[in-house]
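Novice: Take a look at work35.cif, mmCIF, C-alpha atoms:
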data_run
loop_
_atom_site.group_PDB
_atom_site.id
_atom_site.type_symbol
_atom_site.label_atom_id
_atom_site.label_comp_id
_atom_site.auth_asym_id
_atom_site.auth_seq_id
_atom_site.Cartn_x
_atom_site.Cartn_y
_atom_site.Cartn_z
ATOM 1 C CA MET A 64 74.738 -50.086 -26.264
ATOM 2 C CA PRO A 65 77.042 -53.076 -25.625
ATOM 3 C CA THR A 66 79.700 -51.742 -27.981
ATOM 4 C CA GLU A 67 79.801 -48.405 -26.171
ATOM 5 C CA SER A 68 80.073 -50.058 -22.790
ATOM 6 C CA ARG A 69 82.951 -52.229 -23.963
ATOM 7 C CA PHE A 70 84.736 -49.186 -25.342
ATOM 8 C CA ALA A 71 84.133 -47.302 -22.093
ATOM 9 C CA ARG A 72 85.591 -50.187 -20.082
ATOM 10 C CA PHE A 73 88.527 -50.359 -22.485
ATOM 11 C CA MET A 74 89.351 -46.663 -22.058
ATOM 12 C CA LYS A 75 88.763 -46.830 -18.312
ATOM 13 C CA GLY A 76 91.597 -49.356 -18.129
ATOM 14 C CA TYR A 77 94.007 -46.648 -19.267
ATOM 15 C CA GLY A 78 92.956 -44.222 -16.544
ATOM 16 C CA ARG A 79 91.557 -40.711 -16.448
ATOM 17 C CA LEU A 80 94.869 -39.093 -17.362
ATOM 18 C CA THR A 81 94.939 -40.890 -20.705
ATOM 19 C CA ILE A 82 91.367 -39.835 -21.450
ATOM 20 C CA PHE A 83 92.426 -36.261 -20.648
ATOM 21 C CA MET A 84 95.552 -36.498 -22.819
ATOM 22 C CA ILE A 85 93.726 -37.717 -25.937
ATOM 23 C CA PRO A 86 92.017 -34.367 -26.737
ATOM 24 C CA ILE A 87 95.312 -32.576 -26.078
ATOM 25 C CA GLY A 88 96.997 -34.760 -28.698
ATOM 26 C CA ILE A 89 94.129 -34.126 -31.117
ATOM 27 C CA ALA A 90 94.443 -30.365 -30.615
ATOM 28 C CA ILE A 91 98.186 -30.470 -31.297
ATOM 29 C CA ASN A 92 97.565 -32.371 -34.528
ATOM 30 C CA ILE A 93 94.797 -30.083 -35.742
ATOM 31 C CA VAL A 94 96.806 -26.912 -35.154
ATOM 32 C CA GLY A 95 99.838 -28.323 -36.969
ATOM 33 C CA GLY A 96 97.781 -29.761 -39.810
ATOM 34 C CA GLN A 97 95.823 -26.566 -40.388
ATOM 35 C CA ILE A 98 99.013 -24.493 -40.453
ATOM 36 C CA ALA A 99 100.446 -26.783 -43.142
ATOM 37 C CA ILE A 100 97.226 -26.675 -45.195
ATOM 38 C CA LEU A 101 96.673 -22.911 -44.955
ATOM 39 C CA LEU A 102 100.278 -22.108 -45.816
ATOM 40 C CA LYS A 103 100.425 -24.822 -48.512
ATOM 41 C CA LEU A 104 103.583 -26.193 -46.961
ATOM 42 C CA PRO A 105 105.106 -29.346 -48.481
ATOM 43 C CA LEU A 106 104.798 -30.848 -44.987
ATOM 44 C CA TYR A 107 101.956 -32.258 -42.899
ATOM 45 C CA LEU A 108 102.754 -31.298 -39.282
ATOM 46 C CA ASP A 109 99.723 -33.282 -38.138
ATOM 47 C CA SER A 110 101.259 -36.248 -36.349
ATOM 48 C CA VAL A 111 103.108 -34.740 -33.367
ATOM 49 C CA GLY A 112 100.130 -35.284 -31.075
ATOM 50 C CA THR A 113 99.594 -38.823 -32.361
ATOM 51 C CA ILE A 114 103.198 -39.835 -31.746
ATOM 52 C CA LEU A 115 103.289 -38.084 -28.364
ATOM 53 C CA ILE A 116 100.166 -39.775 -27.013
ATOM 54 C CA GLY A 117 101.266 -43.107 -28.460
ATOM 55 C CA ALA A 118 104.637 -42.744 -26.729
ATOM 56 C CA LEU A 119 103.138 -41.789 -23.376
ATOM 57 C CA CYS A 120 99.846 -43.665 -23.256
ATOM 58 C CA GLY A 121 100.203 -46.607 -25.647
ATOM 59 C CA SER A 122 99.347 -47.703 -29.146
ATOM 60 C CA TRP A 123 95.557 -47.607 -28.929
ATOM 61 C CA PRO A 124 95.238 -44.117 -27.428
ATOM 62 C CA GLY A 125 97.749 -42.954 -30.049
ATOM 63 C CA ALA A 126 95.707 -44.590 -32.795
ATOM 64 C CA ILE A 127 92.525 -42.890 -31.523
ATOM 65 C CA VAL A 128 94.264 -39.499 -31.561
ATOM 66 C CA GLY A 129 95.489 -40.119 -35.104
ATOM 67 C CA ALA A 130 92.113 -41.252 -36.435
ATOM 68 C CA VAL A 131 90.044 -38.464 -34.843
ATOM 69 C CA SER A 132 92.586 -35.801 -35.835
ATOM 70 C CA ASN A 133 92.540 -36.970 -39.431
ATOM 71 C CA ILE A 134 88.746 -36.904 -39.553
ATOM 72 C CA LEU A 135 88.625 -33.360 -38.149
ATOM 73 C CA ASN A 136 91.365 -32.102 -40.466
ATOM 74 C CA SER A 137 89.425 -33.600 -43.352
ATOM 75 C CA LEU A 138 86.663 -31.034 -42.781
ATOM 76 C CA THR A 139 88.895 -28.546 -44.623
ATOM 77 C CA TYR A 140 90.801 -31.152 -46.624
ATOM 78 C CA PRO A 141 88.172 -33.749 -47.664
ATOM 79 C CA THR A 142 90.521 -35.909 -49.723
ATOM 80 C CA GLY A 143 92.595 -36.520 -46.600
ATOM 81 C CA MET A 144 89.940 -38.734 -44.989
ATOM 82 C CA VAL A 145 91.300 -41.891 -46.616
ATOM 83 C CA TYR A 146 94.696 -41.256 -45.041
ATOM 84 C CA SER A 147 93.296 -42.047 -41.593
ATOM 85 C CA VAL A 148 94.928 -45.462 -41.832
ATOM 86 C CA LEU A 149 98.323 -43.749 -41.864
ATOM 87 C CA SER A 150 97.518 -41.766 -38.729
ATOM 88 C CA ILE A 151 96.350 -44.915 -36.966
ATOM 89 C CA GLY A 152 99.585 -46.612 -37.987
ATOM 90 C CA PHE A 153 101.627 -43.746 -36.512
ATOM 91 C CA GLY A 154 99.900 -44.156 -33.159
ATOM 92 C CA VAL A 155 100.347 -47.912 -33.058
ATOM 93 C CA LEU A 156 104.015 -47.667 -34.061
ATOM 94 C CA ALA A 157 104.694 -44.906 -31.517
ATOM 95 C CA GLY A 158 103.365 -47.068 -28.689
ATOM 96 C CA TRP A 159 105.474 -50.025 -29.774
ATOM 97 C CA LEU A 160 108.642 -47.942 -30.159
ATOM 98 C CA SER A 161 108.057 -46.297 -26.799
ATOM 99 C CA ARG A 162 107.970 -49.667 -25.054
ATOM 100 C CA TRP A 163 111.473 -50.243 -26.429
ATOM 101 C CA GLY A 164 112.675 -46.891 -25.102
ATOM 102 C CA PHE A 165 113.211 -45.170 -28.453
ATOM 103 C CA PHE A 166 111.972 -41.800 -27.209
ATOM 104 C CA ARG A 167 114.251 -41.657 -24.173
ATOM 105 C CA ARG A 168 117.183 -40.155 -26.107
ATOM 106 C CA TRP A 169 117.298 -37.638 -28.919
ATOM 107 C CA TRP A 170 119.332 -39.810 -31.262
ATOM 108 C CA THR A 171 117.142 -42.892 -30.842
ATOM 109 C CA SER A 172 114.110 -40.641 -31.320
ATOM 110 C CA LEU A 173 115.674 -39.500 -34.571
ATOM 111 C CA LEU A 174 116.015 -43.123 -35.666
ATOM 112 C CA THR A 175 112.241 -43.495 -35.549
ATOM 113 C CA ALA A 176 111.698 -40.886 -38.281
ATOM 114 C CA PRO A 177 112.467 -43.295 -41.174
ATOM 115 C CA MET A 178 110.151 -45.883 -39.606
ATOM 116 C CA PHE A 179 107.243 -43.443 -39.564
ATOM 117 C CA SER A 180 108.187 -42.383 -43.095
ATOM 118 C CA VAL A 181 107.683 -45.921 -44.344
ATOM 119 C CA ILE A 182 104.065 -45.659 -43.229
ATOM 120 C CA GLY A 183 103.482 -42.061 -44.262
ATOM 121 C CA GLY A 184 105.597 -41.976 -47.414
ATOM 122 C CA VAL A 185 105.336 -45.414 -48.988
ATOM 123 C CA LEU A 186 101.789 -46.331 -47.981
ATOM 124 C CA GLY A 187 100.649 -42.741 -48.458
ATOM 125 C CA ALA A 188 102.047 -42.677 -51.991
ATOM 126 C CA CYS A 189 100.260 -45.925 -52.790
ATOM 127 C CA ILE A 190 96.937 -44.453 -51.614
ATOM 128 C CA THR A 191 97.530 -41.246 -53.591
ATOM 129 C CA LEU A 192 98.208 -43.191 -56.779
ATOM 130 C CA ALA A 193 95.387 -45.681 -56.329
ATOM 131 C CA LEU A 194 92.634 -43.209 -55.434
ATOM 132 C CA TYR A 195 93.701 -39.866 -56.851
ATOM 133 C CA GLY A 196 95.982 -40.717 -59.754
ATOM 134 C CA GLY A 197 98.953 -39.055 -58.088
ATOM 135 C CA PHE A 198 97.494 -35.684 -57.014
ATOM 136 C CA SER A 199 95.636 -35.462 -53.713
ATOM 137 C CA GLY A 200 95.540 -31.705 -53.180
ATOM 138 C CA SER A 201 98.300 -31.665 -50.547
ATOM 139 C CA GLY A 202 101.455 -29.563 -50.550
ATOM 140 C CA THR A 203 103.469 -32.376 -52.100
ATOM 141 C CA ASP A 204 101.521 -31.961 -55.359
ATOM 142 C CA PHE A 205 103.811 -29.052 -56.218
ATOM 143 C CA ILE A 206 106.825 -31.350 -56.027
ATOM 144 C CA THR A 207 105.070 -34.105 -57.959
ATOM 145 C CA THR A 208 104.084 -31.638 -60.683
ATOM 146 C CA GLY A 209 107.663 -30.435 -61.018
ATOM 147 C CA LEU A 210 108.999 -33.968 -61.278
ATOM 148 C CA VAL A 211 106.419 -34.915 -63.908
ATOM 149 C CA ALA A 212 107.258 -31.765 -65.871
ATOM 150 C CA ALA A 213 110.899 -32.868 -65.793
ATOM 151 C CA GLY A 214 109.923 -36.081 -67.571
ATOM 152 C CA ILE A 215 109.656 -38.452 -64.609
ATOM 153 C CA PRO A 216 106.744 -40.939 -64.786
ATOM 154 C CA ILE A 217 103.856 -40.086 -62.468
ATOM 155 C CA ASP A 218 104.211 -43.267 -60.397
ATOM 156 C CA THR A 219 107.879 -42.606 -59.700
ATOM 157 C CA ALA A 220 107.260 -38.895 -59.156
ATOM 158 C CA VAL A 221 104.670 -39.526 -56.437
ATOM 159 C CA PHE A 222 107.049 -41.741 -54.469
ATOM 160 C CA LEU A 223 109.981 -39.361 -54.983
ATOM 161 C CA ALA A 224 107.830 -36.543 -53.630
ATOM 162 C CA ALA A 225 106.087 -38.382 -50.786
ATOM 163 C CA ILE A 226 108.924 -40.312 -49.131
ATOM 164 C CA PRO A 227 111.511 -37.509 -48.692
ATOM 165 C CA VAL A 228 108.834 -34.994 -47.666
ATOM 166 C CA ASP A 229 107.403 -37.379 -45.110
ATOM 167 C CA LEU A 230 110.890 -37.994 -43.724
ATOM 168 C CA VAL A 231 111.539 -34.251 -43.457
ATOM 169 C CA ASP A 232 108.155 -33.915 -41.753
ATOM 170 C CA LYS A 233 108.807 -36.663 -39.226
ATOM 171 C CA ILE A 234 112.301 -35.535 -38.157
ATOM 172 C CA PRO A 235 111.117 -32.376 -36.364
ATOM 173 C CA SER A 236 107.987 -34.222 -35.213
ATOM 174 C CA VAL A 237 109.844 -36.954 -33.337
ATOM 175 C CA LEU A 238 112.406 -34.515 -31.924
ATOM 176 C CA LEU A 239 109.587 -32.331 -30.630
ATOM 177 C CA VAL A 240 107.994 -35.382 -29.026
ATOM 178 C CA PHE A 241 111.313 -36.170 -27.344
ATOM 179 C CA LEU A 242 111.634 -32.601 -26.032
ATOM 180 C CA ILE A 243 108.104 -32.654 -24.622
ATOM 181 C CA ILE A 244 108.678 -36.006 -22.932
ATOM 182 C CA THR A 245 111.919 -34.865 -21.309
ATOM 183 C CA ARG A 246 110.110 -31.893 -19.761
ATOM 184 C CA ILE A 247 107.330 -33.870 -18.119
ATOM 185 C CA SER A 248 107.763 -34.077 -14.354
ATOM 186 C CA THR A 249 108.514 -37.411 -12.719
ATOM 187 C CA ARG A 250 105.278 -37.223 -10.714
ATOM 188 C CA LEU A 251 103.179 -36.771 -13.835
ATOM 189 C CA MET A 252 105.194 -39.274 -15.852
ATOM 190 C CA ALA A 253 104.586 -41.933 -13.221
ATOM 191 C CA LYS A 254 100.856 -41.662 -13.915
ATOM 192 C CA MET A 255 101.227 -42.248 -17.665
ATOM 193 C CA PRO A 256 100.524 -45.792 -18.917
ATOM 194 C CA LEU A 257 104.014 -45.944 -20.457
ATOM 195 C CA GLY A 258 105.620 -43.560 -17.996
ATOM 196 C CA TYR A 259 107.596 -46.382 -16.409
ATOM 197 C CA VAL A 260 109.780 -46.458 -19.533
ATOM 198 C CA TYR A 261 111.016 -42.925 -18.903
ATOM 199 C CA LEU A 262 111.511 -42.992 -15.131
ATOM 200 C CA LYS A 263 115.145 -42.785 -14.113
ATOM 201 C CA ASP A 264 115.069 -45.973 -12.066
ATOM 202 C CA LYS A 265 113.803 -47.966 -15.082
ATOM 203 C CA LYS A 266 116.870 -47.661 -17.315
ATOM 204 C CA LYS A 267 116.930 -51.021 -19.039
ATOM 205 C CA THR A 268 117.287 -52.227 -22.584
ATOM 206 C CA GLY A 269 114.618 -54.073 -24.523
ATOM 207 C CA PRO A 270 110.910 -54.023 -23.716
ATOM 208 C CA GLN A 271 110.354 -52.701 -20.206
ATOM 209 C CA LYS A 272 108.512 -54.510 -17.475
ATOM 210 C CA PRO A 273 105.308 -52.786 -16.461
ATOM 211 C CA SER A 274 104.853 -51.340 -13.017
ATOM 212 C CA SER A 275 102.014 -52.531 -10.845
ATOM 213 C CA SER A 276 99.972 -49.472 -11.822
ATOM 214 C CA ARG A 277 100.215 -50.065 -15.558
ATOM 215 C CA PRO A 278 96.793 -50.622 -17.192
ATOM 216 C CA ALA A 279 95.974 -54.178 -18.162
ATOM 217 C CA THR A 280 94.739 -52.937 -21.544
ATOM 218 C CA GLU A 281 98.153 -51.650 -22.504
ATOM 219 C CA THR A 282 99.820 -54.905 -21.455
ATOM 220 C CA ALA A 283 97.479 -56.845 -23.692
ATOM 221 C CA GLY A 284 97.024 -54.535 -26.637
ATOM 222 C CA ALA A 285 99.883 -52.060 -27.094
#
Please render this file's structure as structure tokens.
Specialist:
Amino acid sequence: MPTESRFARFMKGYGRLTIFMIPIGIAINIVGGQIAILLKLPLYLDSVGTILIGALCGSWPGAIVGAVSNILNSLTYPTGMVYSVLSIGFGVLAGWLSRWGFFRRWWTSLLTAPMFSVIGGVLGACITLALYGGFSGSGTDFITTGLVAAGIPIDTAVFLAAIPVDLVDKIPSVLLVFLIITRISTRLMAKMPLGYVYLKDKKKTGPQKPSSSRPATETAGA
């Protein structure tokens, strides 16, 4: 099919390593997400792989990891399917922030947590209210229920529950991504589409210039 061939050419532009990294990112997300669901934690833990692949391989690979992970996690959490747009947003944002070098230091990595929380908390709360009336079956429902019982309107309660929880969720997520990135060897990092950002001889501010080996797809689309 023409669409499949275009997609294959698109992914081929990122290289075999990126294609190999995508299922690794999906696996990381699924494990984290299932732990949060099974233990009924007021966290999600399902975006570490999305942010990691976005930071190393670019926005579109990160978005693919986020979307596929969300679909698979939805097999045990059906209401979560509609939140795929959030996961896609995490991947796109991670690729953009990586190009600016945000994941090269722990404190700049930490600064990205509120940015991801805007997507996960604010937009997520809007989806929860619009489609589920404020209760989606996630761990944050416990917090929302408590706030409503305390006399807070449901609309306000959903946002008060979603935004802080998403921020708490993203802080360890982005720090873990930073730790993983810092432990990747220079030889392997050089093969990543966005690896040039993290190489020692590329210490510059602002968007980094791509190396000659950087995929054309990332230059155009990430």
Novice: Any idea what the distance is between CA of Leu101 in chain A and CA of Met144 in chain A?
Specialist: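 Taking CA of Leu101 in chain A and CA of Met144 in chain A, their separation equals 17.2 Å.
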Novice: Can you pull out every residue within 12 Å of range 204-214 of chain A, counting only C-alpha atoms, but drop anything in the same chain fewer than 3 positions away, and send it as a VMD selection string?
Specialist: chain A and resid 103 to 106 188 191 to 192 195 to 201 217 to 228
Novice: Which one is closest to Arg79 in chain A: A:Ile234, A:Leu119, A:Met255, A:Val94? Count all atoms listed in the file.
Specialist: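 Checking each of A:Ile234, A:Leu119, A:Met255, A:Val94 against Arg79 in chain A, counting all atoms listed in the file, the winner is A:Met255.
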Novice: Quick one: residues within 12 Å of Ile91 in chain A, only C-alpha atoms, excluding same-chain residues fewer than 5 positions away - as a PyMOL selection string?
Specialist: chain A and resi 84-86+96-98+108-116+128-129+131-133+136+236+239-240
Novice: Report as a PyMOL selection string the full result of the PyMOL selection byres ((chain A and resi 148-163) around 8) when it is applied to this structure.
Specialist: chain A and resi 110+113-130+133+145-147+164-166+175+179+182-183+186-187+257+260+268-271+285
Novice: Just the selected residues (C-alpha atoms), exported as a PDB file, in the coordinates of the input, please.
Specialist:
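Result went into again07.pdb, see below:
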ATOM      1  CA  SER A 110     101.259 -36.248 -36.349  1.00  0.00           C
ATOM      2  CA  THR A 113      99.594 -38.823 -32.361  1.00  0.00           C
ATOM      3  CA  ILE A 114     103.198 -39.835 -31.746  1.00  0.00           C
ATOM      4  CA  LEU A 115     103.289 -38.084 -28.364  1.00  0.00           C
ATOM      5  CA  ILE A 116     100.166 -39.775 -27.013  1.00  0.00           C
ATOM      6  CA  GLY A 117     101.266 -43.107 -28.460  1.00  0.00           C
ATOM      7  CA  ALA A 118     104.637 -42.744 -26.729  1.00  0.00           C
ATOM      8  CA  LEU A 119     103.138 -41.789 -23.376  1.00  0.00           C
ATOM      9  CA  CYS A 120      99.846 -43.665 -23.256  1.00  0.00           C
ATOM     10  CA  GLY A 121     100.203 -46.607 -25.647  1.00  0.00           C
ATOM     11  CA  SER A 122      99.347 -47.703 -29.146  1.00  0.00           C
ATOM     12  CA  TRP A 123      95.557 -47.607 -28.929  1.00  0.00           C
ATOM     13  CA  PRO A 124      95.238 -44.117 -27.428  1.00  0.00           C
ATOM     14  CA  GLY A 125      97.749 -42.954 -30.049  1.00  0.00           C
ATOM     15  CA  ALA A 126      95.707 -44.590 -32.795  1.00  0.00           C
ATOM     16  CA  ILE A 127      92.525 -42.890 -31.523  1.00  0.00           C
ATOM     17  CA  VAL A 128      94.264 -39.499 -31.561  1.00  0.00           C
ATOM     18  CA  GLY A 129      95.489 -40.119 -35.104  1.00  0.00           C
ATOM     19  CA  ALA A 130      92.113 -41.252 -36.435  1.00  0.00           C
ATOM     20  CA  ASN A 133      92.540 -36.970 -39.431  1.00  0.00           C
ATOM     21  CA  VAL A 145      91.300 -41.891 -46.616  1.00  0.00           C
ATOM     22  CA  TYR A 146      94.696 -41.256 -45.041  1.00  0.00           C
ATOM     23  CA  SER A 147      93.296 -42.047 -41.593  1.00  0.00           C
ATOM     24  CA  GLY A 164     112.675 -46.891 -25.102  1.00  0.00           C
ATOM     25  CA  PHE A 165     113.211 -45.170 -28.453  1.00  0.00           C
ATOM     26  CA  PHE A 166     111.972 -41.800 -27.209  1.00  0.00           C
ATOM     27  CA  THR A 175     112.241 -43.495 -35.549  1.00  0.00           C
ATOM     28  CA  PHE A 179     107.243 -43.443 -39.564  1.00  0.00           C
ATOM     29  CA  ILE A 182     104.065 -45.659 -43.229  1.00  0.00           C
ATOM     30  CA  GLY A 183     103.482 -42.061 -44.262  1.00  0.00           C
ATOM     31  CA  LEU A 186     101.789 -46.331 -47.981  1.00  0.00           C
ATOM     32  CA  GLY A 187     100.649 -42.741 -48.458  1.00  0.00           C
ATOM     33  CA  LEU A 257     104.014 -45.944 -20.457  1.00  0.00           C
ATOM     34  CA  VAL A 260     109.780 -46.458 -19.533  1.00  0.00           C
ATOM     35  CA  THR A 268     117.287 -52.227 -22.584  1.00  0.00           C
ATOM     36  CA  GLY A 269     114.618 -54.073 -24.523  1.00  0.00           C
ATOM     37  CA  PRO A 270     110.910 -54.023 -23.716  1.00  0.00           C
ATOM     38  CA  GLN A 271     110.354 -52.701 -20.206  1.00  0.00           C
ATOM     39  CA  ALA A 285      99.883 -52.060 -27.094  1.00  0.00           C
TER      40      ALA A 285
END
